[in-house]
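Written out below as structure tokens is the structure these notes cover.
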Amino acid sequence: MAGVSTKTVHDIFQTMEYGPSSTSTATAQSWLEKHSRTLGFFIDGKFSHPADRQTQDVIDSKAAVVCSTVCAQAEDVASAVSSAAAGFKTWSQLSCYQRAKVLLKLPGVLQRHSQCVSEVCELSQSTTSPAVLIRLAQYYASWAQLRDTRMPEWSPQGVVTVVVSDDCSVYFLLLKVLPALAMGNAVIVVPGKTTALPGLLLAQLFMEAGMPAGVLNVLTGSEASLAAKMAQNPQVNYLTFSGCRQTGEAVAKAAAGWGVPMTFSLSSSSVCPFIIFESADLDSAVDGVIELAFKKKRDFQWVLCVQESVLDSVVARLKTRMAEMKGVPLASDPDRSIIDAAIQEAQQQGATLIQSCPPASTGGLYPPTVLCGLAPSCESVISPPPGPVLPLITFRSSAEGVTLGNHSPHGQAASIWTEDLTLALESAKSLCVGSVWVNCHSVMDPALPLCGRRDSGNCTDGGREGLYQFLRPSLSPSLPRSSPSSVNYADFGSAPSKFMIPEVFDPSSVPRFYSQLVGGQMRKADSGSSRSVLAPGGAVLAHCPDGGRKDVRNAVEAANKVQPGWMKKSPAARSQSLYSLADSLEKRRQDLAVSIQTQTGIPLEEAEKEVELSISKLSDWAARCDKEQGGTPFPPQSGSALSTPEALGVLGVILPNSKPLLSLVSVLGAAVAMGNAVIMVPSEKYPFPALEFTQVLQASDLPGGLVSIITGGRDQLTQALANHSVIQGIWYWGSKEGCQFLQYCCVSPLKRLWLHCEEEEEKEAGKIWTDLNPSFQEELWRKAVVWKSIWIPTA
């Protein structure tokens, strides 16, 4: 038969070539023919194809046009959101059992149509195994059943928009969609070009499983512009993005200021280390390199790190394995010129090439290539070129190997190879990444949280931990929905502080001059400026420093030095330090109550209650230090998996006006208990209690620099924190303009944001701090940690 290989299994085994595979796409072609090869939107449970819409072609791996999709306009967005809002009302009113019953039908539907799903993914150049999607559906169907019992006092977000870029796989798309549906939300999917066809097919299969109309909608078109239109609609409650960094930045800037919470998973552009220690099984490690690096589509970019003592052995094995390998198809024609330029630059910097054969001058294939002898600062290491090109760098000791692994600004995943279990676990713990695979790579399972670190994302997908992005505490206020303010992002926070001349002056009293706590020391502002702290009647209570950018830099530098040591302390040791801080607060309770009463004008009895509650909250966090822990997920593969919470790093916190002491202590306790360092900006209106609290901090045994309190203009200090690359997260209570500025600017560098509008906070009169709401305490804890998954395979 024409096109059928005559080679035997023995021949294929001897040459290590891939055997023949079926390339039939008859089932997918039949599905496309039913839609006349022009697919519209999926809205309200059915396909719609409005007239007079632009279309875009979907091409296969051979650059042939498969079909076309329709580009949505503003009225299509409004129709999809209206459908989702109605669908959410129906879906959320069902019991957990009823929602789980619908989702449990989905694996069977996917199994029946697995051939069509596989072929459509293949045609779209987004190859995904149907078995993986079935596992996703099974896992999240069970979580739909358990939501109310395992996560009480949490409510669904509402209408959730899931946006993915062109290079995002179907797996990562459903890793957002399925948990959102399981938690009771309605979802609008804005897929990229490679996931448009699978997304539309899966939406149809969801309806076959019994999903109510409107619960899942799909709109095709430009991701960034559609995301902006979604954010503008007041019925959209949450927006999450998965894909490349460039599209993510465009989405963030287009949607900033509309009051929609946003999170980003930037895995497809992440650079990850593949570390081979001298104690590794080198044959297995090289096999892993070949499988991982030299395929057409990769979820991550990889850099090979090899210990010097085994470099020659690894290179020899690579040459042997690559000798008979054929060219790998490039994703696009422009990739060839990018690869050629990167290789030429690497050779000029002293790199040597390992290639299976010289590259052809034209065509869509490129030979597998290894760039040896690169320096960590080389552009090909920092940002590897597309295609089958693998940079290789060396290290001497295991500690240096971990340092190289943390060299990248990304922190998505790492693969480490060693037969020494102690070295494996120590290295896994020290690597600043979300997922670590020991003696394996790319193990994906929904039971394992996939958490981006640094520039790889600011949310957690997968596992129980990934469900919380689609939930909110029932009593937690949301951001107000309105159009963006006119904010000059370049000049935000750059205006000098206004000098206030007090209207009331009492010559019989001399105001006290306070210092701010920076790096464990009481200091004046670096600028030398100060501002007046006024009583409710306008009298001057004290003078405090008017902090600025330089003070923030000093505080962050000190925090960055002390935080790793604090994080490595045992939870019991951190607990004792917080109990000591609570005792110090207890000893100064009267002074702090007077400071609250004098600054805010509330009755002394109410101020004493705030201090009492502050002591209680601090003791609560001290008690939780050694109680919060990860778990051992049970994926279907053989092996052992660990899921552990880790500290974010250095946090910036801009505190609210309401409950100036209680809010400070609650946030400080959550951040420090989990191993973070924190730079705090107290209420610009009521800084007096925070200034008194600095003396409590100095009397405690917390390491100097772990907590800094900087007074001054809120906007100026917000801008300084947002632009500092070391700050990993910002918790903000402030103006609508400040929330908008942070959403716009905190994608470069990427930070984890927790935003609250001051107007909403004042409406609640600080109830969120005084109510004993366990869901808010849970949210505080979850905002203070990131998750790491460690996978160790067994025979």
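How things are named: the first chain in the structure tokens is A, the next is B, and so on; residues count from 1 in each chain; ligands count from 1 in the order shown.
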
List every residue of range 689-739 of chain A that has an atom at most 12 Å from any atom of range 664-669 of chain A, giving for each one its closest atom pair and the distance in Å to one decimal, counting only C-alpha atoms, sorted by chain and then by ascending residue number, as a Markdown table.
| residue | atom | partner | partner_atom | distance |
| --- | --- | --- | --- | --- |
| A:Pro689 | CA | A:Leu664 | CA | 9.4 |
| A:Ala690 | CA | A:Leu664 | CA | 7.5 |
| A:Leu691 | CA | A:Leu664 | CA | 11.2 |
| A:Glu692 | CA | A:Leu664 | CA | 11.9 |
| A:Phe693 | CA | A:Val665 | CA | 9.2 |
| A:Thr694 | CA | A:Leu664 | CA | 11.2 |
| A:Val696 | CA | A:Val665 | CA | 11.2 |
| A:Leu697 | CA | A:Val665 | CA | 10.9 |
| A:Leu702 | CA | A:Gly669 | CA | 11.8 |
| A:Leu706 | CA | A:Leu668 | CA | 10.3 |
| A:Val707 | CA | A:Leu668 | CA | 8.1 |
| A:Ser708 | CA | A:Leu668 | CA | 10.3 |
| A:Ile709 | CA | A:Leu664 | CA | 10.0 |
| A:Ile730 | CA | A:Val667 | CA | 11.6 |
| A:Trp731 | CA | A:Val667 | CA | 9.0 |
| A:Tyr732 | CA | A:Val667 | CA | 11.0 |
| A:Trp733 | CA | A:Leu664 | CA | 11.4 |

For N, CA and C atoms, I'd like the residues from the last selection saved as a PDB file, in the first residue's frame.
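Produced file again-v2.pdb, reproduced below:
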ATOM      1  N   PRO A 689      -0.700  55.465  64.844  1.00  0.00           N
ATOM      2  CA  PRO A 689      -0.591  54.135  65.471  1.00  0.00           C
ATOM      3  C   PRO A 689       0.558  53.300  64.904  1.00  0.00           C
ATOM      4  N   ALA A 690       0.811  53.408  63.602  1.00  0.00           N
ATOM      5  CA  ALA A 690       1.915  52.653  63.001  1.00  0.00           C
ATOM      6  C   ALA A 690       3.254  53.157  63.526  1.00  0.00           C
ATOM      7  N   LEU A 691       3.385  54.466  63.719  1.00  0.00           N
ATOM      8  CA  LEU A 691       4.634  55.016  64.253  1.00  0.00           C
ATOM      9  C   LEU A 691       4.877  54.542  65.675  1.00  0.00           C
ATOM     10  N   GLU A 692       3.817  54.434  66.470  1.00  0.00           N
ATOM     11  CA  GLU A 692       3.963  53.893  67.817  1.00  0.00           C
ATOM     12  C   GLU A 692       4.325  52.402  67.774  1.00  0.00           C
ATOM     13  N   PHE A 693       3.785  51.709  66.785  1.00  0.00           N
ATOM     14  CA  PHE A 693       4.031  50.269  66.679  1.00  0.00           C
ATOM     15  C   PHE A 693       5.481  49.978  66.314  1.00  0.00           C
ATOM     16  N   THR A 694       6.186  50.912  65.690  1.00  0.00           N
ATOM     17  CA  THR A 694       7.595  50.672  65.369  1.00  0.00           C
ATOM     18  C   THR A 694       8.409  50.385  66.628  1.00  0.00           C
ATOM     19  N   VAL A 696       7.286  48.769  69.217  1.00  0.00           N
ATOM     20  CA  VAL A 696       6.996  47.372  69.545  1.00  0.00           C
ATOM     21  C   VAL A 696       7.869  46.448  68.704  1.00  0.00           C
ATOM     22  N   LEU A 697       8.025  46.766  67.426  1.00  0.00           N
ATOM     23  CA  LEU A 697       8.858  45.953  66.549  1.00  0.00           C
ATOM     24  C   LEU A 697      10.309  45.950  66.999  1.00  0.00           C
ATOM     25  N   LEU A 702      12.285  39.853  66.071  1.00  0.00           N
ATOM     26  CA  LEU A 702      12.274  39.693  64.618  1.00  0.00           C
ATOM     27  C   LEU A 702      13.571  40.238  64.040  1.00  0.00           C
ATOM     28  N   LEU A 706      13.414  42.713  58.478  1.00  0.00           N
ATOM     29  CA  LEU A 706      12.325  41.843  58.035  1.00  0.00           C
ATOM     30  C   LEU A 706      11.046  42.646  57.830  1.00  0.00           C
ATOM     31  N   VAL A 707      10.817  43.623  58.678  1.00  0.00           N
ATOM     32  CA  VAL A 707       9.650  44.502  58.571  1.00  0.00           C
ATOM     33  C   VAL A 707      10.136  45.938  58.543  1.00  0.00           C
ATOM     34  N   SER A 708       9.746  46.678  57.538  1.00  0.00           N
ATOM     35  CA  SER A 708      10.033  48.109  57.462  1.00  0.00           C
ATOM     36  C   SER A 708       8.712  48.856  57.363  1.00  0.00           C
ATOM     37  N   ILE A 709       8.637  49.989  58.020  1.00  0.00           N
ATOM     38  CA  ILE A 709       7.447  50.841  57.987  1.00  0.00           C
ATOM     39  C   ILE A 709       7.879  52.213  57.505  1.00  0.00           C
ATOM     40  N   ILE A 730       2.247  42.906  45.789  1.00  0.00           N
ATOM     41  CA  ILE A 730       1.782  44.162  46.393  1.00  0.00           C
ATOM     42  C   ILE A 730       0.338  43.971  46.835  1.00  0.00           C
ATOM     43  N   TRP A 731       0.096  44.256  48.113  1.00  0.00           N
ATOM     44  CA  TRP A 731      -1.256  44.288  48.668  1.00  0.00           C
ATOM     45  C   TRP A 731      -1.612  45.750  48.855  1.00  0.00           C
ATOM     46  N   TYR A 732      -2.699  46.168  48.226  1.00  0.00           N
ATOM     47  CA  TYR A 732      -2.982  47.597  48.132  1.00  0.00           C
ATOM     48  C   TYR A 732      -4.390  47.917  48.615  1.00  0.00           C
ATOM     49  N   TRP A 733      -4.480  48.828  49.555  1.00  0.00           N
ATOM     50  CA  TRP A 733      -5.740  49.438  49.945  1.00  0.00           C
ATOM     51  C   TRP A 733      -5.608  50.929  49.658  1.00  0.00           C
TER      52      TRP A 733
END

- Task: Tell me which of A:Asn233, A:Ser430, A:Ser92, A:Ser725 sits closest to Glu557 in chain A, counting only C-alpha atoms.
- Result: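 So, comparing all the options, the nearest one is A:Ser725.
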
- Message: So, with only C-alpha atoms as the atoms that count, which of A:Leu448, A:Leu197, A:Leu604, A:Leu110 lies closest to Val66 in chain A?
- Response: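 Smallest separation from Val66 in chain A among the options: A:Leu197.
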
Within 12 Å of Ser337 in chain A using only C-alpha atoms, minus same-chain residues under 4 positions, as a PDB file with N, CA and C atoms, in the first residue's frame:
ATOM      1  N   LEU A 330       9.754  23.652  11.832  1.00  0.00           N
ATOM      2  CA  LEU A 330       9.695  24.935  12.512  1.00  0.00           C
ATOM      3  C   LEU A 330       8.243  25.397  12.594  1.00  0.00           C
ATOM      4  N   SER A 332       7.125  28.453  12.329  1.00  0.00           N
ATOM      5  CA  SER A 332       6.831  29.476  11.332  1.00  0.00           C
ATOM      6  C   SER A 332       8.089  29.788  10.540  1.00  0.00           C
ATOM      7  N   ASP A 333       7.925  30.370   9.374  1.00  0.00           N
ATOM      8  CA  ASP A 333       9.058  30.691   8.509  1.00  0.00           C
ATOM      9  C   ASP A 333      10.033  31.693   9.135  1.00  0.00           C
ATOM     10  N   ALA A 341      20.472  33.874  13.370  1.00  0.00           N
ATOM     11  CA  ALA A 341      21.089  35.027  14.028  1.00  0.00           C
ATOM     12  C   ALA A 341      21.577  34.655  15.428  1.00  0.00           C
ATOM     13  N   ALA A 342      20.790  33.860  16.167  1.00  0.00           N
ATOM     14  CA  ALA A 342      21.177  33.458  17.522  1.00  0.00           C
ATOM     15  C   ALA A 342      22.409  32.562  17.484  1.00  0.00           C
ATOM     16  N   ILE A 343      22.480  31.623  16.526  1.00  0.00           N
ATOM     17  CA  ILE A 343      23.633  30.729  16.424  1.00  0.00           C
ATOM     18  C   ILE A 343      24.887  31.506  16.037  1.00  0.00           C
ATOM     19  N   GLN A 344      24.734  32.440  15.119  1.00  0.00           N
ATOM     20  CA  GLN A 344      25.894  33.251  14.708  1.00  0.00           C
ATOM     21  C   GLN A 344      26.423  34.058  15.889  1.00  0.00           C
ATOM     22  N   PRO A 359      22.324  22.695   8.431  1.00  0.00           N
ATOM     23  CA  PRO A 359      20.962  23.142   8.114  1.00  0.00           C
ATOM     24  C   PRO A 359      20.833  23.517   6.645  1.00  0.00           C
ATOM     25  N   SER A 361      19.439  25.725   3.542  1.00  0.00           N
ATOM     26  CA  SER A 361      19.281  27.185   3.431  1.00  0.00           C
ATOM     27  C   SER A 361      17.825  27.598   3.379  1.00  0.00           C
ATOM     28  N   THR A 362      16.958  26.716   2.930  1.00  0.00           N
ATOM     29  CA  THR A 362      15.527  27.012   2.871  1.00  0.00           C
ATOM     30  C   THR A 362      14.746  25.803   3.379  1.00  0.00           C
ATOM     31  N   GLY A 363      13.443  25.978   3.482  1.00  0.00           N
ATOM     32  CA  GLY A 363      12.587  24.870   3.912  1.00  0.00           C
ATOM     33  C   GLY A 363      12.109  25.052   5.344  1.00  0.00           C
ATOM     34  N   GLY A 364      11.173  24.209   5.712  1.00  0.00           N
ATOM     35  CA  GLY A 364      10.572  24.313   7.035  1.00  0.00           C
ATOM     36  C   GLY A 364      11.165  23.400   8.073  1.00  0.00           C
ATOM     37  N   TYR A 366      14.611  22.121  10.456  1.00  0.00           N
ATOM     38  CA  TYR A 366      15.900  22.558  11.009  1.00  0.00           C
ATOM     39  C   TYR A 366      16.479  21.424  11.837  1.00  0.00           C
ATOM     40  N   PRO A 385      16.486  30.735  21.456  1.00  0.00           N
ATOM     41  CA  PRO A 385      15.764  30.915  20.188  1.00  0.00           C
ATOM     42  C   PRO A 385      14.707  29.838  20.011  1.00  0.00           C
ATOM     43  N   PRO A 386      13.718  30.068  19.135  1.00  0.00           N
ATOM     44  CA  PRO A 386      12.702  29.035  18.890  1.00  0.00           C
ATOM     45  C   PRO A 386      13.289  27.874  18.117  1.00  0.00           C
ATOM     46  N   GLY A 387      12.503  26.816  17.998  1.00  0.00           N
ATOM     47  CA  GLY A 387      12.954  25.670  17.225  1.00  0.00           C
ATOM     48  C   GLY A 387      13.798  24.705  18.039  1.00  0.00           C
TER      49      GLY A 387
END

- Check the smallest atom-to-atom distance from each of A:Arg752, A:Lys685, A:Arg453, A:Arg53 to Val533 in chain A using only C-alpha atoms, then report the winner. A:Lys685

- Neighbour list for Ala182 in chain A as a list in words, cut-off 7 Å, only C-alpha atoms, skip fewer than 6 positions in-chain: Tyr140, Ala141, Trp143 and Ala144 of chain A

Which residues of range 115-164 of chain A come within 8 Å of range 469-476 of chain A, and what is each one's closest atom pair and distance in Å (one decimal), counting only C-alpha atoms, sorted by chain and residue number, as a Markdown table?
| residue | atom | partner | partner_atom | distance |
| --- | --- | --- | --- | --- |
| A:Glu153 | CA | A:Ser474 | CA | 5.7 |
| A:Trp154 | CA | A:Pro473 | CA | 4.6 |
| A:Ser155 | CA | A:Leu471 | CA | 5.4 |
| A:Pro156 | CA | A:Leu471 | CA | 4.5 |
| A:Gln157 | CA | A:Leu471 | CA | 5.3 |
| A:Val160 | CA | A:Phe470 | CA | 7.9 |

- Note on the structure: The residue from A:Tyr744, A:Ile188, A:Ser485, A:Ser83 with the smallest atom-to-atom distance to Glu249 in chain A, counting only C-alpha atoms, is A:Tyr744
